[in-house]
Structure formats: structure tokens, C-alpha cells
Amino acid sequence: MFIQAKNIRFSYNSVDVLKDVSFYIEKGDLIAILGNNGAGKSTLIKCINRILKPKFGTILIEGQDVEKLGSEIAKKVSYVSQRNQVTRLTVFDAVLLGRKPYVTWGISKKDLEITKGVIEMLSLQKISMRFVDELSGGELQKVIVARALVQEPLLILLDEPTNNLDIKSQIEVMNIVRQIVQDKKISALMAIHDINLALRFIDKFILMKDGKIFSSGGLEIITEENFSEVFGVMVKIKNIDGRPFLIF
Ligand SMILES: Nc1ncnc2c1ncn2[C@@H]1O[C@H](COP(=O)(O)OP(=O)(O)OP(=O)(O)O)[C@@H](O)[C@H]1O
């Protein structure tokens, strides 16, 4: 097993938000975490990359406990957060920042090469000298994904990476993430509210409800019963072009 979360519990103050959450991720998995507001999706993501410390439980990456990794975790896990603070940097420098976990005495030729490579992969060459605080939402999101990639992680965590993006940019970001997971043989875990976007691009799911995993698995768990229960509204699921599509 590539990544394993075992019995994760977390509380803010004394309110239990994650209640014994366990799951595993195989190499090459792209997994969507779906659930209502407040279900615990962001908290789970933050526990995996140690922004938050679980009250109980362990997370293993290739058998190594993330608690014992210290700052080395940044070489294994990268994070595309829901809210991005933007400082006045060029796109190139903003992406290069993702190499920080590897920089010891200064930026190496390898750091620059990897940054250049990722910028090309995401077709950001034309805007590489522009300032990030002058970009559109979609352009900025691609830069944030690029920064997560130059970290060369084994696992990318993405919290609502398509928020505020137009349809074209949403599709672009989803395609990029899916392609990278396949090509680099890494894994990605994505919290996402747009269920139909997830159903179109992703084949594995964790359904969260009230701080617990309601169900996890492949397309077989995408049922009207499960979704109605998890989201608390009656939904219909139709098949469109071979993919499930949710109607409410
Ligand atoms: N810093 C915090 N302090 C106290 N409570 C918090 C904090 N952050 C989140 N919570 C609470 O923890 C619960 C889970 O929040 P979390 O952000 O993990 O949910 P989520 O599933 O990601 O929700 P959303 O879809 O709205 O982003 C919510 O009830 C939320 O109010």
C-alpha cells in the first residue's frame, strides 16, 4: 500500500471533526473526496500533510510515518490549498518556490531545469515572466499546481482546485492533474464540491459525512442511495457518454 491513513481522529477545541477515518491510496490513484460543507474534507487533507496534527491515528507514506518525517514531508507531499496568498513574484519564481524543500546552499541547475520543465508541461511559458498578482484565476491556479509539481511529491493534496474557475479552466486543471498522476505514477487526493466535474474525471471516491467515511471505492459506490444519504437531498444519477452524471 502506497499511502495509508489509520484511525485518524481530530477535534477543533473539543468538537470532534474527524472520527476514526481510515483509508488507503495506491500508486497512480486520483481520488475525489466528496461531502457536504463541514464534513471534514479540508481538515482531513490538512492532517495528511501535518498542517494539523491528528489527536489519534497514523498516516504512512510508503510505510513511513509522516509524523517522523519532519520537514522531509515536503519532498513527499505537496498541497494546493483552497485559499492562495499571492505575493508579487513572477510566475517562474512562484513555481521555483516549490523547490524550497530541496534547496540547501542556493538554487541549483536541477531546480531551474525542473521548474522550466513543469512550466512547459503546463504551457505556462508565455506568462512565465508575468507577475502572479496580475493573473486570471485560471492562470493562477495552474501556477499553484505547477508549484506543487516541482516539489516532485509522491502525493498531491488538492483542496477545491477548481473553485472560481470557468469551465475551460476547470477542465484544464482536471486534465493536468489526471495526466500528471498517470505519467509520474504518483497519487492525488482532491476535495471537490463540483460532483459532476469529479464524476467526469475521477474514478475513485471517498464519500464523507459528519467526519466519517460513509463509503469509499470506485464507480460502484456512485449510487442514488449513497449520494442522497451523504448530501441529504434526493438525487438521480444518469449515465451520459459512459460516465455517471448527477441530477438534483
Ligand atoms: N480553525 C477551525 N476552528 C474551529 N473549527 C473549525 C476550524 N476549521 C474548520 N472547523 C470546523 O470543522 C468542521 C469541518 O471543517 P472542514 O473545513 O474540514 O470541512 P469541509 O468538509 O472541508 O467543508 P467545506 O466543504 O465547507 O470546505 C466544520 O464544522 C468547521 O466549522
# chains A, B, ... in the order shown; residues from 1 in each chain; ligands from 1

call {"tool": "residues_around", "arguments": {"residues": "Ser78 (chain A)", "least_positions_apart": "5", "cutoff": "10 Å", "atoms": "only C-alpha atoms", "output": "count of residues only"}}
result
17

call {"tool": "select_by_dssp", "arguments": {"residues": "region 1-175 of chain A", "states": "strand (DSSP E)", "output": "PyMOL selection string"}}
result
chain A and resi 3-12+15-25+30-34+56-61+64-65+77-80+155-159

call {"tool": "write_last_selection", "arguments": {"atoms": "C-alpha atoms", "output": "short mmCIF file (atom, residue, chain, number, x, y, z; two decimals), in the first residue's frame"}}
result
data_model
loop_
_atom_site.label_atom_id
_atom_site.label_comp_id
_atom_site.auth_asym_id
_atom_site.auth_seq_id
_atom_site.Cartn_x
_atom_site.Cartn_y
_atom_site.Cartn_z
CA ILE A 3 -0.36 5.63 1.42
CA GLN A 4 -2.37 4.55 4.39
CA ALA A 5 -4.37 6.58 6.90
CA LYS A 6 -5.29 4.63 10.00
CA ASN A 7 -7.92 5.67 12.57
CA ILE A 8 -7.46 9.42 12.18
CA ARG A 9 -9.24 11.50 14.80
CA PHE A 10 -9.15 15.25 15.02
CA SER A 11 -11.01 17.87 17.07
CA TYR A 12 -11.05 21.66 16.94
CA VAL A 15 -15.53 19.40 18.78
CA ASP A 16 -14.79 16.10 17.02
CA VAL A 17 -14.37 16.75 13.31
CA LEU A 18 -12.66 13.56 12.12
CA LYS A 19 -13.97 10.45 13.79
CA ASP A 20 -11.80 7.42 13.13
CA VAL A 21 -11.05 7.91 9.46
CA SER A 22 -9.13 5.13 7.69
CA PHE A 23 -8.37 4.65 4.00
CA TYR A 24 -5.57 3.79 1.64
CA ILE A 25 -4.29 5.17 -1.61
CA LEU A 30 -6.59 10.00 -8.25
CA ILE A 31 -9.25 10.14 -5.54
CA ALA A 32 -12.03 12.67 -5.04
CA ILE A 33 -13.22 13.41 -1.51
CA LEU A 34 -16.88 14.34 -1.72
CA PHE A 56 -5.02 9.97 17.19
CA GLY A 57 -4.04 7.75 14.30
CA THR A 58 -1.21 7.41 11.83
CA ILE A 59 -0.52 8.27 8.23
CA LEU A 60 2.04 6.16 6.42
CA ILE A 61 3.62 7.05 3.12
CA GLN A 64 6.99 5.78 6.72
CA ASP A 65 5.05 7.56 9.44
CA VAL A 77 3.51 15.57 -0.12
CA SER A 78 2.53 18.80 -1.84
CA TYR A 79 -0.57 20.83 -1.19
CA VAL A 80 -2.75 23.03 -3.35
CA LEU A 155 1.14 12.59 -3.18
CA ILE A 156 -0.56 15.82 -4.21
CA LEU A 157 -3.34 17.10 -1.99
CA LEU A 158 -5.74 19.49 -3.65
CA ASP A 159 -8.42 21.39 -1.78
#

call {"tool": "residues_near_ligand", "arguments": {"ligand": "ligand 1", "cutoff": "6 Å", "atoms": "only C-alpha atoms and all ligand atoms", "output": "VMD selection string"}}
result
chain A and resid 12 17 36 to 43

call {"tool": "select_by_dssp", "arguments": {"residues": "region 6-201 of chain A", "states": "alpha helix (DSSP H)", "output": "PyMOL selection string"}}
result
chain A and resi 41-48+91-96+109-121+137-150+167-184+195-201

call {"tool": "residues_around", "arguments": {"residues": "Val118 (chain A)", "least_positions_apart": "2", "cutoff": "9 Å", "atoms": "only C-alpha atoms", "output": "list in words"}}
result
Val95, Glu113, Ile114, Thr115, Lys116, Glu120, Met121, Leu122, Ser123, Leu124, Ala146, Arg147, Leu149 and Val150 of chain A

call {"tool": "write_last_selection", "arguments": {"atoms": "C-alpha atoms", "output": "PDB file, in the first residue's frame"}}
result
ATOM      1  CA  VAL A  95       6.851  27.965  -9.366  1.00  0.00           C
ATOM      2  CA  GLU A 113      15.582  22.664 -15.045  1.00  0.00           C
ATOM      3  CA  ILE A 114      12.707  21.048 -13.144  1.00  0.00           C
ATOM      4  CA  THR A 115      10.936  24.404 -12.886  1.00  0.00           C
ATOM      5  CA  LYS A 116      11.377  25.027 -16.613  1.00  0.00           C
ATOM      6  CA  GLU A 120       6.457  23.808 -20.246  1.00  0.00           C
ATOM      7  CA  MET A 121       4.316  20.833 -19.246  1.00  0.00           C
ATOM      8  CA  LEU A 122       1.563  23.170 -18.069  1.00  0.00           C
ATOM      9  CA  SER A 123       2.015  25.507 -21.070  1.00  0.00           C
ATOM     10  CA  LEU A 124       2.885  28.459 -18.860  1.00  0.00           C
ATOM     11  CA  ALA A 146       2.918  23.881 -11.097  1.00  0.00           C
ATOM     12  CA  ARG A 147       4.487  24.857  -7.781  1.00  0.00           C
ATOM     13  CA  LEU A 149       4.585  19.643  -9.002  1.00  0.00           C
ATOM     14  CA  VAL A 150       8.148  20.949  -8.852  1.00  0.00           C
TER      15      VAL A 150
END

call {"tool": "closest_residue", "arguments": {"among": "A:Asn196, A:Asp133, A:Gly35, A:Glu72", "to": "Asn226 (chain A)", "atoms": "only C-alpha atoms"}}
result
A:Gly35

call {"tool": "residues_around", "arguments": {"residues": "Glu172 (chain A)", "least_positions_apart": "6", "cutoff": "12 Å", "atoms": "only C-alpha atoms", "output": "ChimeraX atom specification"}}
result
/A:122-123,138-139,141-142,145,161-162,165-166,178-179,197,201

call {"tool": "write_last_selection", "arguments": {"atoms": "N, CA and C atoms", "output": "PDB file, in the first residue's frame"}}
result
ATOM      1  N   LEU A 122       2.860  22.534 -18.308  1.00  0.00           N
ATOM      2  CA  LEU A 122       1.563  23.170 -18.069  1.00  0.00           C
ATOM      3  C   LEU A 122       1.308  24.343 -19.019  1.00  0.00           C
ATOM      4  N   SER A 123       2.143  24.441 -20.052  1.00  0.00           N
ATOM      5  CA  SER A 123       2.015  25.507 -21.070  1.00  0.00           C
ATOM      6  C   SER A 123       1.954  26.903 -20.448  1.00  0.00           C
ATOM      7  N   GLY A 138      -7.767  31.301 -13.389  1.00  0.00           N
ATOM      8  CA  GLY A 138      -7.360  30.028 -14.003  1.00  0.00           C
ATOM      9  C   GLY A 138      -5.853  29.946 -14.165  1.00  0.00           C
ATOM     10  N   GLU A 139      -5.262  31.069 -14.616  1.00  0.00           N
ATOM     11  CA  GLU A 139      -3.802  31.099 -14.787  1.00  0.00           C
ATOM     12  C   GLU A 139      -3.118  30.892 -13.434  1.00  0.00           C
ATOM     13  N   GLN A 141      -4.279  29.424 -10.805  1.00  0.00           N
ATOM     14  CA  GLN A 141      -4.458  28.061 -10.298  1.00  0.00           C
ATOM     15  C   GLN A 141      -3.457  27.105 -10.947  1.00  0.00           C
ATOM     16  N   LYS A 142      -3.199  27.313 -12.243  1.00  0.00           N
ATOM     17  CA  LYS A 142      -2.211  26.463 -12.917  1.00  0.00           C
ATOM     18  C   LYS A 142      -0.814  26.692 -12.337  1.00  0.00           C
ATOM     19  N   VAL A 145      -0.641  24.806  -9.111  1.00  0.00           N
ATOM     20  CA  VAL A 145      -0.461  23.371  -9.386  1.00  0.00           C
ATOM     21  C   VAL A 145       0.990  23.123  -9.822  1.00  0.00           C
ATOM     22  N   PRO A 161      -9.456  22.649  -6.083  1.00  0.00           N
ATOM     23  CA  PRO A 161      -8.572  23.327  -7.038  1.00  0.00           C
ATOM     24  C   PRO A 161      -9.301  24.007  -8.192  1.00  0.00           C
ATOM     25  N   THR A 162     -10.584  23.708  -8.358  1.00  0.00           N
ATOM     26  CA  THR A 162     -11.298  24.306  -9.497  1.00  0.00           C
ATOM     27  C   THR A 162     -12.250  25.421  -9.068  1.00  0.00           C
ATOM     28  N   LEU A 165     -13.168  28.869 -11.083  1.00  0.00           N
ATOM     29  CA  LEU A 165     -12.623  28.799 -12.437  1.00  0.00           C
ATOM     30  C   LEU A 165     -13.756  28.655 -13.457  1.00  0.00           C
ATOM     31  N   ASP A 166     -13.545  29.196 -14.662  1.00  0.00           N
ATOM     32  CA  ASP A 166     -14.545  28.983 -15.712  1.00  0.00           C
ATOM     33  C   ASP A 166     -14.436  27.527 -16.209  1.00  0.00           C
ATOM     34  N   ARG A 178      -4.957  14.760 -13.721  1.00  0.00           N
ATOM     35  CA  ARG A 178      -5.107  13.352 -14.108  1.00  0.00           C
ATOM     36  C   ARG A 178      -3.897  12.853 -14.901  1.00  0.00           C
ATOM     37  N   GLN A 179      -3.446  13.702 -15.828  1.00  0.00           N
ATOM     38  CA  GLN A 179      -2.301  13.338 -16.672  1.00  0.00           C
ATOM     39  C   GLN A 179      -1.033  13.142 -15.839  1.00  0.00           C
ATOM     40  N   LEU A 197     -18.128  17.385 -12.106  1.00  0.00           N
ATOM     41  CA  LEU A 197     -16.756  17.516 -12.604  1.00  0.00           C
ATOM     42  C   LEU A 197     -15.929  16.324 -12.099  1.00  0.00           C
ATOM     43  N   PHE A 201     -14.057  13.119 -14.362  1.00  0.00           N
ATOM     44  CA  PHE A 201     -12.602  12.962 -14.495  1.00  0.00           C
ATOM     45  C   PHE A 201     -11.995  11.939 -13.535  1.00  0.00           C
TER      46      PHE A 201
END

call {"tool": "atom_distance", "arguments": {"atom1": "CA of Ile202 (chain A)", "atom2": "CA of Asn84 (chain A)"}}
result
24.0 Å

call {"tool": "atom_distance", "arguments": {"atom1": "CA of Arg200 (chain A)", "atom2": "CA of Ile127 (chain A)"}}
result
28.9 Å

call {"tool": "atom_distance", "arguments": {"atom1": "CA of Phe214 (chain A)", "atom2": "CA of Ile51 (chain A)"}}
result
24.1 Å

call {"tool": "closest_residue", "arguments": {"among": "A:Phe2, A:Ser14, A:Lys236, A:Val103", "to": "Gly63 (chain A)", "atoms": "only C-alpha atoms"}}
result
A:Phe2

call {"tool": "residues_around", "arguments": {"residues": "Thr90 (chain A)", "least_positions_apart": "6", "cutoff": "12 Å", "atoms": "only C-alpha atoms", "output": "list in words"}}
result
Leu96, Leu97, Leu124, Gln125, Lys126, Ile127, Ser128, Met129, Arg130, Phe131, Val132, Asp133, Glu134, Leu135, Leu140 and Val143 of chain A

call {"tool": "decode", "arguments": {"residues": "region 48-74 of chain A", "atoms": "N, CA and C atoms", "output": "PDB file, in the first residue's frame"}}
result
ATOM      1  N   ILE A  48      -3.251  15.097   6.750  1.00  0.00           N
ATOM      2  CA  ILE A  48      -2.328  14.255   5.971  1.00  0.00           C
ATOM      3  C   ILE A  48      -0.995  14.963   5.787  1.00  0.00           C
ATOM      4  N   ASN A  49      -1.036  16.279   5.523  1.00  0.00           N
ATOM      5  CA  ASN A  49       0.262  16.947   5.307  1.00  0.00           C
ATOM      6  C   ASN A  49       0.784  17.645   6.564  1.00  0.00           C
ATOM      7  N   ARG A  50       0.190  17.318   7.695  1.00  0.00           N
ATOM      8  CA  ARG A  50       0.687  17.759   9.001  1.00  0.00           C
ATOM      9  C   ARG A  50       0.554  19.258   9.249  1.00  0.00           C
ATOM     10  N   ILE A  51      -0.296  19.927   8.459  1.00  0.00           N
ATOM     11  CA  ILE A  51      -0.632  21.306   8.844  1.00  0.00           C
ATOM     12  C   ILE A  51      -1.369  21.211  10.171  1.00  0.00           C
ATOM     13  N   LEU A  52      -2.173  20.156  10.299  1.00  0.00           N
ATOM     14  CA  LEU A  52      -2.832  19.856  11.572  1.00  0.00           C
ATOM     15  C   LEU A  52      -2.308  18.522  12.088  1.00  0.00           C
ATOM     16  N   LYS A  53      -2.244  18.427  13.390  1.00  0.00           N
ATOM     17  CA  LYS A  53      -1.762  17.183  13.990  1.00  0.00           C
ATOM     18  C   LYS A  53      -2.967  16.387  14.486  1.00  0.00           C
ATOM     19  N   PRO A  54      -3.183  15.206  13.934  1.00  0.00           N
ATOM     20  CA  PRO A  54      -4.326  14.413  14.421  1.00  0.00           C
ATOM     21  C   PRO A  54      -4.185  14.097  15.911  1.00  0.00           C
ATOM     22  N   LYS A  55      -5.331  13.981  16.570  1.00  0.00           N
ATOM     23  CA  LYS A  55      -5.311  13.636  18.000  1.00  0.00           C
ATOM     24  C   LYS A  55      -4.954  12.161  18.171  1.00  0.00           C
ATOM     25  N   PHE A  56      -5.249  11.417  17.131  1.00  0.00           N
ATOM     26  CA  PHE A  56      -5.024   9.969  17.194  1.00  0.00           C
ATOM     27  C   PHE A  56      -4.873   9.462  15.759  1.00  0.00           C
ATOM     28  N   GLY A  57      -4.130   8.383  15.617  1.00  0.00           N
ATOM     29  CA  GLY A  57      -4.035   7.752  14.303  1.00  0.00           C
ATOM     30  C   GLY A  57      -2.713   8.011  13.613  1.00  0.00           C
ATOM     31  N   THR A  58      -2.477   7.267  12.560  1.00  0.00           N
ATOM     32  CA  THR A  58      -1.212   7.407  11.830  1.00  0.00           C
ATOM     33  C   THR A  58      -1.458   7.523  10.323  1.00  0.00           C
ATOM     34  N   ILE A  59      -0.507   8.201   9.690  1.00  0.00           N
ATOM     35  CA  ILE A  59      -0.520   8.268   8.230  1.00  0.00           C
ATOM     36  C   ILE A  59       0.836   7.768   7.756  1.00  0.00           C
ATOM     37  N   LEU A  60       0.801   6.740   6.931  1.00  0.00           N
ATOM     38  CA  LEU A  60       2.036   6.156   6.424  1.00  0.00           C
ATOM     39  C   LEU A  60       2.157   6.435   4.931  1.00  0.00           C
ATOM     40  N   ILE A  61       3.345   6.877   4.542  1.00  0.00           N
ATOM     41  CA  ILE A  61       3.624   7.051   3.119  1.00  0.00           C
ATOM     42  C   ILE A  61       4.773   6.110   2.790  1.00  0.00           C
ATOM     43  N   GLU A  62       4.525   5.193   1.892  1.00  0.00           N
ATOM     44  CA  GLU A  62       5.490   4.125   1.596  1.00  0.00           C
ATOM     45  C   GLU A  62       6.024   3.535   2.906  1.00  0.00           C
ATOM     46  N   GLY A  63       5.134   3.312   3.841  1.00  0.00           N
ATOM     47  CA  GLY A  63       5.497   2.666   5.096  1.00  0.00           C
ATOM     48  C   GLY A  63       6.092   3.588   6.145  1.00  0.00           C
ATOM     49  N   GLN A  64       6.369   4.849   5.756  1.00  0.00           N
ATOM     50  CA  GLN A  64       6.989   5.782   6.723  1.00  0.00           C
ATOM     51  C   GLN A  64       5.921   6.636   7.384  1.00  0.00           C
ATOM     52  N   ASP A  65       6.000   6.759   8.678  1.00  0.00           N
ATOM     53  CA  ASP A  65       5.047   7.562   9.436  1.00  0.00           C
ATOM     54  C   ASP A  65       5.330   9.046   9.178  1.00  0.00           C
ATOM     55  N   VAL A  66       4.330   9.791   8.687  1.00  0.00           N
ATOM     56  CA  VAL A  66       4.582  11.207   8.361  1.00  0.00           C
ATOM     57  C   VAL A  66       4.981  12.020   9.600  1.00  0.00           C
ATOM     58  N   GLU A  67       4.555  11.565  10.756  1.00  0.00           N
ATOM     59  CA  GLU A  67       4.901  12.279  11.988  1.00  0.00           C
ATOM     60  C   GLU A  67       6.414  12.316  12.193  1.00  0.00           C
ATOM     61  N   LYS A  68       7.072  11.260  11.714  1.00  0.00           N
ATOM     62  CA  LYS A  68       8.514  11.182  11.932  1.00  0.00           C
ATOM     63  C   LYS A  68       9.312  11.799  10.782  1.00  0.00           C
ATOM     64  N   LEU A  69       8.612  12.245   9.741  1.00  0.00           N
ATOM     65  CA  LEU A  69       9.323  12.773   8.576  1.00  0.00           C
ATOM     66  C   LEU A  69       9.854  14.188   8.799  1.00  0.00           C
ATOM     67  N   GLY A  70       9.210  14.934   9.696  1.00  0.00           N
ATOM     68  CA  GLY A  70       9.614  16.327   9.916  1.00  0.00           C
ATOM     69  C   GLY A  70       9.476  17.113   8.625  1.00  0.00           C
ATOM     70  N   SER A  71      10.474  17.977   8.347  1.00  0.00           N
ATOM     71  CA  SER A  71      10.364  18.831   7.162  1.00  0.00           C
ATOM     72  C   SER A  71      10.513  18.033   5.857  1.00  0.00           C
ATOM     73  N   GLU A  72      11.002  16.809   5.965  1.00  0.00           N
ATOM     74  CA  GLU A  72      11.139  15.953   4.771  1.00  0.00           C
ATOM     75  C   GLU A  72       9.791  15.676   4.114  1.00  0.00           C
ATOM     76  N   ILE A  73       8.711  15.906   4.860  1.00  0.00           N
ATOM     77  CA  ILE A  73       7.376  15.650   4.315  1.00  0.00           C
ATOM     78  C   ILE A  73       7.144  16.465   3.037  1.00  0.00           C
ATOM     79  N   ALA A  74       7.782  17.638   2.955  1.00  0.00           N
ATOM     80  CA  ALA A  74       7.600  18.500   1.782  1.00  0.00           C
ATOM     81  C   ALA A  74       8.169  17.880   0.505  1.00  0.00           C
TER      82      ALA A  74
END
